[in-house]
file upload08.tsv (TSV, C-alpha atoms)
chain	number	residue	atom	x	y	z
A	1	MET	CA	99.18	182.98	-47.47
A	2	GLU	CA	99.76	180.29	-50.08
A	3	GLU	CA	96.63	181.45	-51.91
A	4	VAL	CA	97.80	185.07	-51.94
A	5	LYS	CA	101.18	184.02	-53.32
A	6	GLU	CA	99.53	182.05	-56.10
A	7	GLN	CA	97.31	185.03	-57.02
A	8	GLU	CA	100.34	187.30	-57.17
A	9	ILE	CA	102.12	185.18	-59.76
A	10	ARG	CA	99.09	184.10	-61.78
A	11	LEU	CA	99.65	184.76	-65.47
A	12	PRO	CA	96.88	185.74	-67.88
A	13	ARG	CA	95.66	182.82	-69.97
A	14	ILE	CA	94.29	182.36	-73.45
A	15	GLY	CA	90.49	182.51	-73.54
A	16	GLU	CA	90.23	184.77	-70.49
A	17	PRO	CA	89.36	188.48	-70.40
A	18	ALA	CA	92.50	190.61	-70.69
A	19	PRO	CA	93.44	192.22	-67.35
A	20	ASP	CA	92.09	195.75	-67.13
A	21	PHE	CA	94.52	198.67	-66.91
A	22	GLU	CA	94.80	202.42	-67.09
A	23	ALA	CA	98.20	203.76	-68.13
A	24	VAL	CA	100.13	206.76	-69.36
A	25	THR	CA	101.32	206.42	-72.97
A	26	THR	CA	103.22	208.52	-75.48
A	27	HIS	CA	99.91	209.45	-77.17
A	28	VAL	CA	97.24	209.72	-74.48
A	29	ARG	CA	96.32	208.18	-71.14
A	30	VAL	CA	94.54	204.95	-72.07
A	31	LYS	CA	92.37	202.28	-70.51
A	32	LEU	CA	92.09	198.80	-71.94
A	33	GLU	CA	88.40	199.51	-72.68
A	34	ASP	CA	89.44	202.32	-75.05
A	35	PHE	CA	90.49	199.57	-77.49
A	36	LYS	CA	87.15	197.73	-77.36
A	37	GLY	CA	85.92	196.99	-80.86
A	38	SER	CA	89.48	196.68	-82.23
A	39	TRP	CA	91.91	193.82	-81.94
A	40	LEU	CA	94.90	194.81	-79.84
A	41	VAL	CA	98.51	193.66	-80.00
A	42	LEU	CA	99.93	194.56	-76.58
A	43	PHE	CA	103.66	193.96	-76.48
A	44	SER	CA	106.47	194.63	-74.03
A	45	HIS	CA	110.11	195.32	-74.73
A	46	PRO	CA	113.00	195.23	-72.24
A	47	ALA	CA	114.21	198.84	-72.48
A	48	ASP	CA	114.41	201.94	-74.66
A	49	PHE	CA	117.65	202.72	-76.52
A	50	THR	CA	118.65	199.05	-76.77
A	51	PRO	CA	119.64	197.42	-80.07
A	52	VAL	CA	117.23	194.48	-80.48
A	53	CYS	CA	114.28	196.60	-79.28
A	54	THR	CA	115.13	199.29	-81.82
A	55	THR	CA	115.05	196.74	-84.67
A	56	GLU	CA	111.71	195.48	-83.33
A	57	PHE	CA	110.18	198.95	-83.12
A	58	ILE	CA	111.12	199.63	-86.72
A	59	ALA	CA	109.59	196.28	-87.69
A	60	PHE	CA	106.42	196.94	-85.65
A	61	ALA	CA	106.08	200.32	-87.37
A	62	GLU	CA	106.43	198.58	-90.74
A	63	ILE	CA	103.60	196.10	-90.03
A	64	TYR	CA	101.33	198.75	-88.46
A	65	PRO	CA	99.42	199.39	-91.74
A	66	GLU	CA	98.91	195.63	-92.14
A	67	LEU	CA	97.59	195.43	-88.58
A	68	GLN	CA	95.19	198.30	-89.26
A	69	LYS	CA	93.86	196.43	-92.31
A	70	ARG	CA	93.01	193.61	-89.89
A	71	GLY	CA	91.27	195.99	-87.47
A	72	ALA	CA	94.11	195.76	-84.95
A	73	GLU	CA	95.92	198.41	-82.91
A	74	LEU	CA	99.42	198.21	-81.46
A	75	LEU	CA	100.38	199.19	-77.93
A	76	GLY	CA	103.97	198.95	-76.66
A	77	LEU	CA	105.18	198.85	-73.05
A	78	SER	CA	108.35	198.98	-71.04
A	79	ILE	CA	109.43	200.01	-67.56
A	80	ASP	CA	110.78	203.33	-68.82
A	81	SER	CA	109.55	206.90	-68.44
A	82	ILE	CA	107.51	208.88	-70.96
A	83	SER	CA	110.52	211.18	-71.51
A	84	SER	CA	112.69	208.17	-72.33
A	85	HIS	CA	110.06	206.79	-74.75
A	86	ILE	CA	109.70	210.18	-76.47
A	87	ALA	CA	113.48	210.62	-76.77
A	88	TRP	CA	113.87	207.10	-78.18
A	89	VAL	CA	111.09	207.30	-80.80
A	90	ARG	CA	112.42	210.71	-81.89
A	91	ASN	CA	115.91	209.21	-82.15
A	92	ILE	CA	114.62	206.29	-84.23
A	93	GLU	CA	112.91	208.71	-86.62
A	94	GLU	CA	115.98	210.95	-86.81
A	95	LYS	CA	118.42	208.08	-87.46
A	96	THR	CA	116.30	205.77	-89.63
A	97	GLY	CA	113.43	207.90	-90.98
A	98	VAL	CA	110.88	205.54	-89.42
A	99	LYS	CA	108.08	207.26	-87.45
A	100	ILE	CA	106.67	205.15	-84.63
A	101	PRO	CA	102.90	205.48	-85.13
A	102	PHE	CA	101.61	203.59	-82.08
A	103	PRO	CA	101.50	204.52	-78.35
A	104	ILE	CA	103.92	203.15	-75.76
A	105	ILE	CA	103.01	202.67	-72.09
A	106	ALA	CA	105.43	204.08	-69.52
A	107	ASP	CA	104.97	201.40	-66.87
A	108	LEU	CA	107.29	202.80	-64.22
A	109	ASN	CA	105.23	201.39	-61.35
A	110	LYS	CA	105.10	197.97	-63.11
A	111	GLU	CA	101.32	197.76	-62.69
A	112	VAL	CA	100.55	196.63	-66.23
A	113	SER	CA	103.63	194.45	-66.62
A	114	THR	CA	102.83	192.65	-63.36
A	115	ALA	CA	99.17	192.13	-64.30
A	116	TYR	CA	100.25	190.62	-67.61
A	117	GLY	CA	103.18	188.58	-66.24
A	118	MET	CA	105.69	190.41	-68.40
A	119	ILE	CA	108.55	190.32	-65.87
A	120	HIS	CA	110.31	186.95	-65.76
A	121	PRO	CA	112.89	187.20	-62.97
A	122	GLY	CA	114.94	184.33	-64.42
A	123	GLU	CA	115.65	186.60	-67.42
A	124	SER	CA	115.64	189.99	-65.68
A	125	LYS	CA	114.20	191.41	-62.47
A	126	THR	CA	114.13	194.97	-63.79
A	127	GLU	CA	113.05	194.59	-67.43
A	128	THR	CA	110.07	193.07	-69.20
A	129	VAL	CA	110.74	190.16	-71.52
A	130	ARG	CA	109.46	190.29	-75.10
A	131	CYS	CA	105.77	189.45	-74.64
A	132	VAL	CA	103.00	189.67	-77.19
A	133	PHE	CA	99.35	189.51	-76.14
A	134	ILE	CA	96.87	189.25	-78.99
A	135	ILE	CA	93.53	190.49	-77.65
A	136	ASP	CA	90.34	190.35	-79.71
A	137	ALA	CA	87.68	193.02	-80.18
A	138	LYS	CA	85.77	191.68	-77.14
A	139	GLN	CA	88.97	192.01	-75.08
A	140	ILE	CA	89.56	188.28	-74.70
A	141	ILE	CA	93.18	187.08	-74.82
A	142	ARG	CA	93.47	184.93	-77.92
A	143	ALA	CA	97.21	184.25	-78.14
A	144	ILE	CA	100.33	184.87	-76.06
A	145	LEU	CA	103.96	184.81	-77.19
A	146	TYR	CA	107.04	185.08	-74.98
A	147	TYR	CA	110.52	185.67	-76.38
A	148	PRO	CA	113.73	186.01	-74.36
A	149	LEU	CA	115.69	189.27	-74.17
A	150	THR	CA	118.15	188.20	-76.85
A	151	THR	CA	115.68	187.14	-79.56
A	152	GLY	CA	113.82	189.68	-81.68
A	153	ARG	CA	110.25	188.82	-82.61
A	154	ASN	CA	108.94	187.61	-85.96
A	155	MET	CA	106.42	190.17	-87.18
A	156	GLN	CA	105.05	187.93	-89.92
A	157	GLU	CA	104.11	185.37	-87.27
A	158	ILE	CA	102.13	188.00	-85.37
A	159	LEU	CA	100.21	188.87	-88.55
A	160	ARG	CA	99.76	185.17	-89.34
A	161	ILE	CA	98.27	184.47	-85.90
A	162	ILE	CA	95.77	187.31	-86.29
A	163	ASP	CA	94.86	186.06	-89.79
A	164	ALA	CA	94.39	182.54	-88.44
A	165	LEU	CA	92.26	183.65	-85.46
A	166	GLN	CA	90.07	185.90	-87.60
A	167	THR	CA	89.65	183.10	-90.17
A	168	THR	CA	88.69	180.68	-87.40
A	169	ASP	CA	86.14	183.15	-86.00
A	170	GLU	CA	84.60	183.86	-89.37
A	171	HIS	CA	84.47	180.35	-90.82
A	172	LYS	CA	84.43	178.07	-87.72
A	173	VAL	CA	87.47	176.15	-88.90
A	174	ALA	CA	90.99	175.50	-87.61
A	175	THR	CA	94.28	176.20	-89.37
A	176	PRO	CA	97.04	173.62	-89.91
A	177	ALA	CA	100.78	173.93	-89.32
A	178	ASN	CA	102.44	176.73	-91.25
A	179	TRP	CA	99.05	177.88	-92.55
A	180	LYS	CA	98.88	181.18	-94.34
A	181	PRO	CA	95.93	183.00	-95.92
A	182	GLY	CA	94.83	181.20	-99.10
A	183	ASP	CA	95.88	177.76	-97.86
A	184	MET	CA	93.34	175.04	-97.11
A	185	VAL	CA	91.84	175.04	-93.61
A	186	VAL	CA	91.04	172.17	-91.27
A	187	VAL	CA	87.39	171.14	-90.88
A	188	PRO	CA	86.39	170.45	-87.26
A	189	PRO	CA	86.52	166.66	-86.71
A	190	PRO	CA	83.26	164.67	-86.49
A	191	SER	CA	81.97	163.96	-83.01
A	192	THR	CA	80.07	160.71	-83.68
A	193	GLN	CA	80.81	157.49	-85.56
A	194	GLU	CA	77.98	158.21	-88.01
A	195	MET	CA	79.40	161.64	-88.80
A	196	ALA	CA	82.86	160.09	-89.26
A	197	GLU	CA	81.49	157.64	-91.84
A	198	GLU	CA	79.73	160.45	-93.68
A	199	ARG	CA	82.78	162.72	-93.52
A	200	VAL	CA	85.05	160.43	-95.55
A	201	LYS	CA	82.42	160.20	-98.31
A	202	GLN	CA	82.14	163.97	-98.70
A	203	LYS	CA	83.76	164.95	-101.99
A	204	GLU	CA	84.32	168.62	-101.18
A	205	TYR	CA	86.86	167.78	-98.50
A	206	ASP	CA	90.44	166.69	-98.93
A	207	CYS	CA	90.68	163.96	-96.25
A	208	ILE	CA	93.67	161.99	-94.96
A	209	ASP	CA	91.17	160.13	-92.81
A	210	TRP	CA	87.90	160.91	-91.02
A	211	TYR	CA	89.60	163.05	-88.37
A	212	LEU	CA	91.79	165.13	-90.69
A	213	CYS	CA	89.94	166.80	-93.52
A	214	LYS	CA	90.78	170.07	-95.18
A	215	LYS	CA	88.81	172.38	-97.43
A	216	LYS	CA	89.30	175.54	-99.44
A	217	LEU	CA	87.55	178.68	-98.27
B	1	MET	CA	96.30	216.20	-71.57
B	2	ALA	CA	96.72	214.90	-75.12
B	3	CYS	CA	94.46	217.51	-76.76
B	4	ILE	CA	95.89	220.59	-75.08
B	5	SER	CA	99.56	221.59	-74.92
B	6	THR	CA	101.23	222.78	-71.76
B	7	ASP	CA	100.93	226.36	-73.07
B	8	GLY	CA	97.14	225.98	-73.18
B	9	THR	CA	96.78	225.80	-76.98
B	10	LEU	CA	95.28	222.89	-78.90
B	11	THR	CA	97.56	220.19	-80.24
B	12	GLU	CA	97.16	219.11	-83.87
B	13	SER	CA	95.00	216.12	-82.90
B	14	GLY	CA	93.20	218.26	-80.29
B	15	LEU	CA	92.28	220.82	-82.95
B	16	LYS	CA	90.83	218.05	-85.14
B	17	MET	CA	88.72	216.76	-82.26
B	18	PHE	CA	87.55	220.20	-81.14
B	19	ARG	CA	86.43	221.14	-84.67
B	20	VAL	CA	84.26	218.03	-84.86
B	21	LEU	CA	82.97	218.51	-81.30
B	22	ASN	CA	82.09	222.10	-82.19
B	23	SER	CA	79.78	220.91	-84.98
B	24	GLY	CA	77.27	219.57	-82.45
B	25	PRO	CA	76.76	216.55	-80.23
B	26	VAL	CA	78.84	213.71	-81.66
B	27	SER	CA	79.65	210.14	-80.68
B	28	PRO	CA	83.25	208.93	-80.25
B	29	GLU	CA	82.76	206.81	-83.40
B	30	GLU	CA	81.78	209.90	-85.44
B	31	ILE	CA	84.77	211.81	-84.07
B	32	ALA	CA	87.12	208.96	-85.02
B	33	GLN	CA	85.59	208.73	-88.50
B	34	ARG	CA	85.72	212.46	-89.19
B	35	THR	CA	89.17	213.11	-87.73
B	36	GLY	CA	90.91	209.91	-88.86
B	37	LEU	CA	92.13	209.41	-85.29
B	38	PRO	CA	92.07	205.90	-83.82
B	39	MET	CA	89.27	205.14	-81.36
B	40	TYR	CA	91.59	204.70	-78.36
B	41	ARG	CA	92.91	208.21	-78.92
B	42	VAL	CA	89.43	209.72	-79.21
B	43	ARG	CA	88.16	207.90	-76.12
B	44	GLY	CA	91.27	208.76	-74.09
B	45	GLY	CA	91.13	212.40	-75.21
B	46	LEU	CA	87.43	212.77	-74.37
B	47	ARG	CA	88.00	211.29	-70.92
B	48	ASP	CA	90.46	214.12	-70.16
B	49	LEU	CA	88.25	216.91	-71.56
B	50	ILE	CA	85.21	216.36	-69.35
B	51	PRO	CA	86.76	216.83	-65.86
B	52	ALA	CA	88.75	219.77	-67.25
B	53	GLY	CA	85.47	221.42	-68.30
B	54	TYR	CA	86.11	221.55	-72.06
B	55	ALA	CA	83.38	219.08	-73.09
B	56	ILE	CA	80.22	217.54	-71.70
B	57	LEU	CA	78.53	214.21	-72.27
B	58	LYS	CA	74.83	214.31	-73.15
B	59	GLY	CA	73.44	210.79	-73.42
B	60	ASP	CA	76.05	209.02	-75.51
B	61	LYS	CA	77.25	212.11	-77.41
B	62	TYR	CA	79.83	214.74	-76.61
B	63	GLN	CA	79.87	218.49	-77.23
B	64	LEU	CA	82.08	221.43	-76.35
B	65	THR	CA	81.34	223.71	-73.41
B	66	GLU	CA	81.83	227.49	-73.63
B	67	LYS	CA	85.31	226.96	-72.21
B	68	GLY	CA	86.01	224.45	-74.99
B	69	THR	CA	84.61	226.70	-77.73
B	70	ALA	CA	86.79	229.54	-76.47
B	71	LEU	CA	89.90	227.50	-77.25
B	72	LEU	CA	88.94	227.40	-80.94
B	73	LYS	CA	88.90	231.21	-81.20
call {"tool": "encode", "arguments": {"input": "upload08.tsv", "output": "structure tokens"}}
result
Amino acid sequence: MEEVKEQEIRLPRIGEPAPDFEAVTTHVRVKLEDFKGSWLVLFSHPADFTPVCTTEFIAFAEIYPELQKRGAELLGLSIDSISSHIAWVRNIEEKTGVKIPFPIIADLNKEVSTAYGMIHPGESKTETVRCVFIIDAKQIIRAILYYPLTTGRNMQEILRIIDALQTTDEHKVATPANWKPGDMVVVPPPSTQEMAEERVKQKEYDCIDWYLCKKKL
Amino acid sequence: MACISTDGTLTESGLKMFRVLNSGPVSPEEIAQRTGLPMYRVRGGLRDLIPAGYAILKGDKYQLTEKGTALLK
């Protein structure tokens, strides 16, 4: 019984395959595997026709071209119906001129939101909190963000995380605090004493000490 | 079904996909490239078309059936 309970509340974790799903969206019925080969930003919002969510949807629509440049798709979700989603995105376009270009899951049976741990009963038992799952082209969860109902998300941070992850994948480096594209990156630290001694002598690196060296890409 | 409206006619994105499918057996990647539609939309759309009898899968490529071709006329 204890084991079952633990399975029920288990949240997805970074580095694990993203939980599979099949869901109705405002564009087409989708499965997670339909996004294979692209990065995917799967995000939940508490409810349609609410103020903070509306500002976020406009902001997500604004960064959509930037996401596409990075090979990423966007997929929204809330526990609302397709009719509600359609009415809301049409209202946003009518009132602000912003067309919502990405699909939104109508998760009325809470299947996807439960699998992804998007409902936090301490915040709300009937709405999803503001989650962001950054899933890579192999469908591995690479980053997770949770924001409370009252705090709208920072779109630039979502782009920055994708830039950092893609830079790490391509160059086998890490990225320091507040890193942005063009900044120096962190070289993986040496794993032996000999390598540490050699590391501090290497001219191409900007080293504070053997364990913290940066380089330009 | 995302490609076909409730009145039985092709949607705008459905028409794009059907035109490419009508040109011969094509992969989802080719359909996405030639229509400009994202891959998830092509894959999701194709998944609906097969059980409805509008398209068939031969190997790893898709093509329209007679029922599918009829919708283009």
call {"tool": "residues_near_point", "arguments": {"input": "upload08.tsv", "point": "(77.1, 215.4, -72.4)", "cutoff": "12 Å", "atoms": "all atoms listed in the file", "output": "PyMOL selection string"}}
result
chain B and resi 21+24-28+46-47+49-51+53-65
call {"tool": "closest_atom_pairs", "arguments": {"input": "upload08.tsv", "of": "chain A", "to": "chain B", "cutoff": "7 Å", "atoms": "all atoms listed in the file", "output": "tab-separated table"}}
result
residue	atom	partner	partner_atom	distance
A:His27	CA	B:Ala2	CA	6.6
A:Val28	CA	B:Ala2	CA	5.2
A:Arg29	CA	B:Gly44	CA	5.9
A:Val30	CA	B:Gly44	CA	5.4
A:Asp34	CA	B:Tyr40	CA	4.6
A:Phe35	CA	B:Tyr40	CA	5.3
call {"tool": "atom_distance", "arguments": {"input": "upload08.tsv", "atom1": "atom CA of A:Val187", "atom2": "atom CA of A:Val41"}}
result
27.4 Å
call {"tool": "atom_distance", "arguments": {"input": "upload08.tsv", "atom1": "atom CA of A:Lys95", "atom2": "atom CA of A:Leu75"}}
result
22.3 Å
call {"tool": "residues_near_point", "arguments": {"input": "upload08.tsv", "point": "(85.8, 177.4, -86.2)", "cutoff": "12 Å", "atoms": "all atoms listed in the file", "output": "ChimeraX atom specification"}}
result
/A:164-175,185-189
call {"tool": "closest_residue", "arguments": {"input": "upload08.tsv", "among": "A:Glu157, A:Ile105, A:Lys214, A:His45", "to": "A:Lys31", "atoms": "all atoms listed in the file"}}
result
A:Ile105
call {"tool": "atom_distance", "arguments": {"input": "upload08.tsv", "atom1": "atom CA of A:Cys131", "atom2": "atom CA of A:Met184"}}
result
29.4 Å
call {"tool": "closest_residue", "arguments": {"input": "upload08.tsv", "among": "A:Phe49, A:Gly71, A:Glu123, A:Tyr116", "to": "A:Val89", "atoms": "all atoms listed in the file"}}
result
A:Phe49
call {"tool": "closest_residue", "arguments": {"input": "upload08.tsv", "among": "B:Met17, B:Ala52, B:Ser5, B:Ser23", "to": "B:Thr35", "atoms": "only C-alpha atoms"}}
result
B:Met17
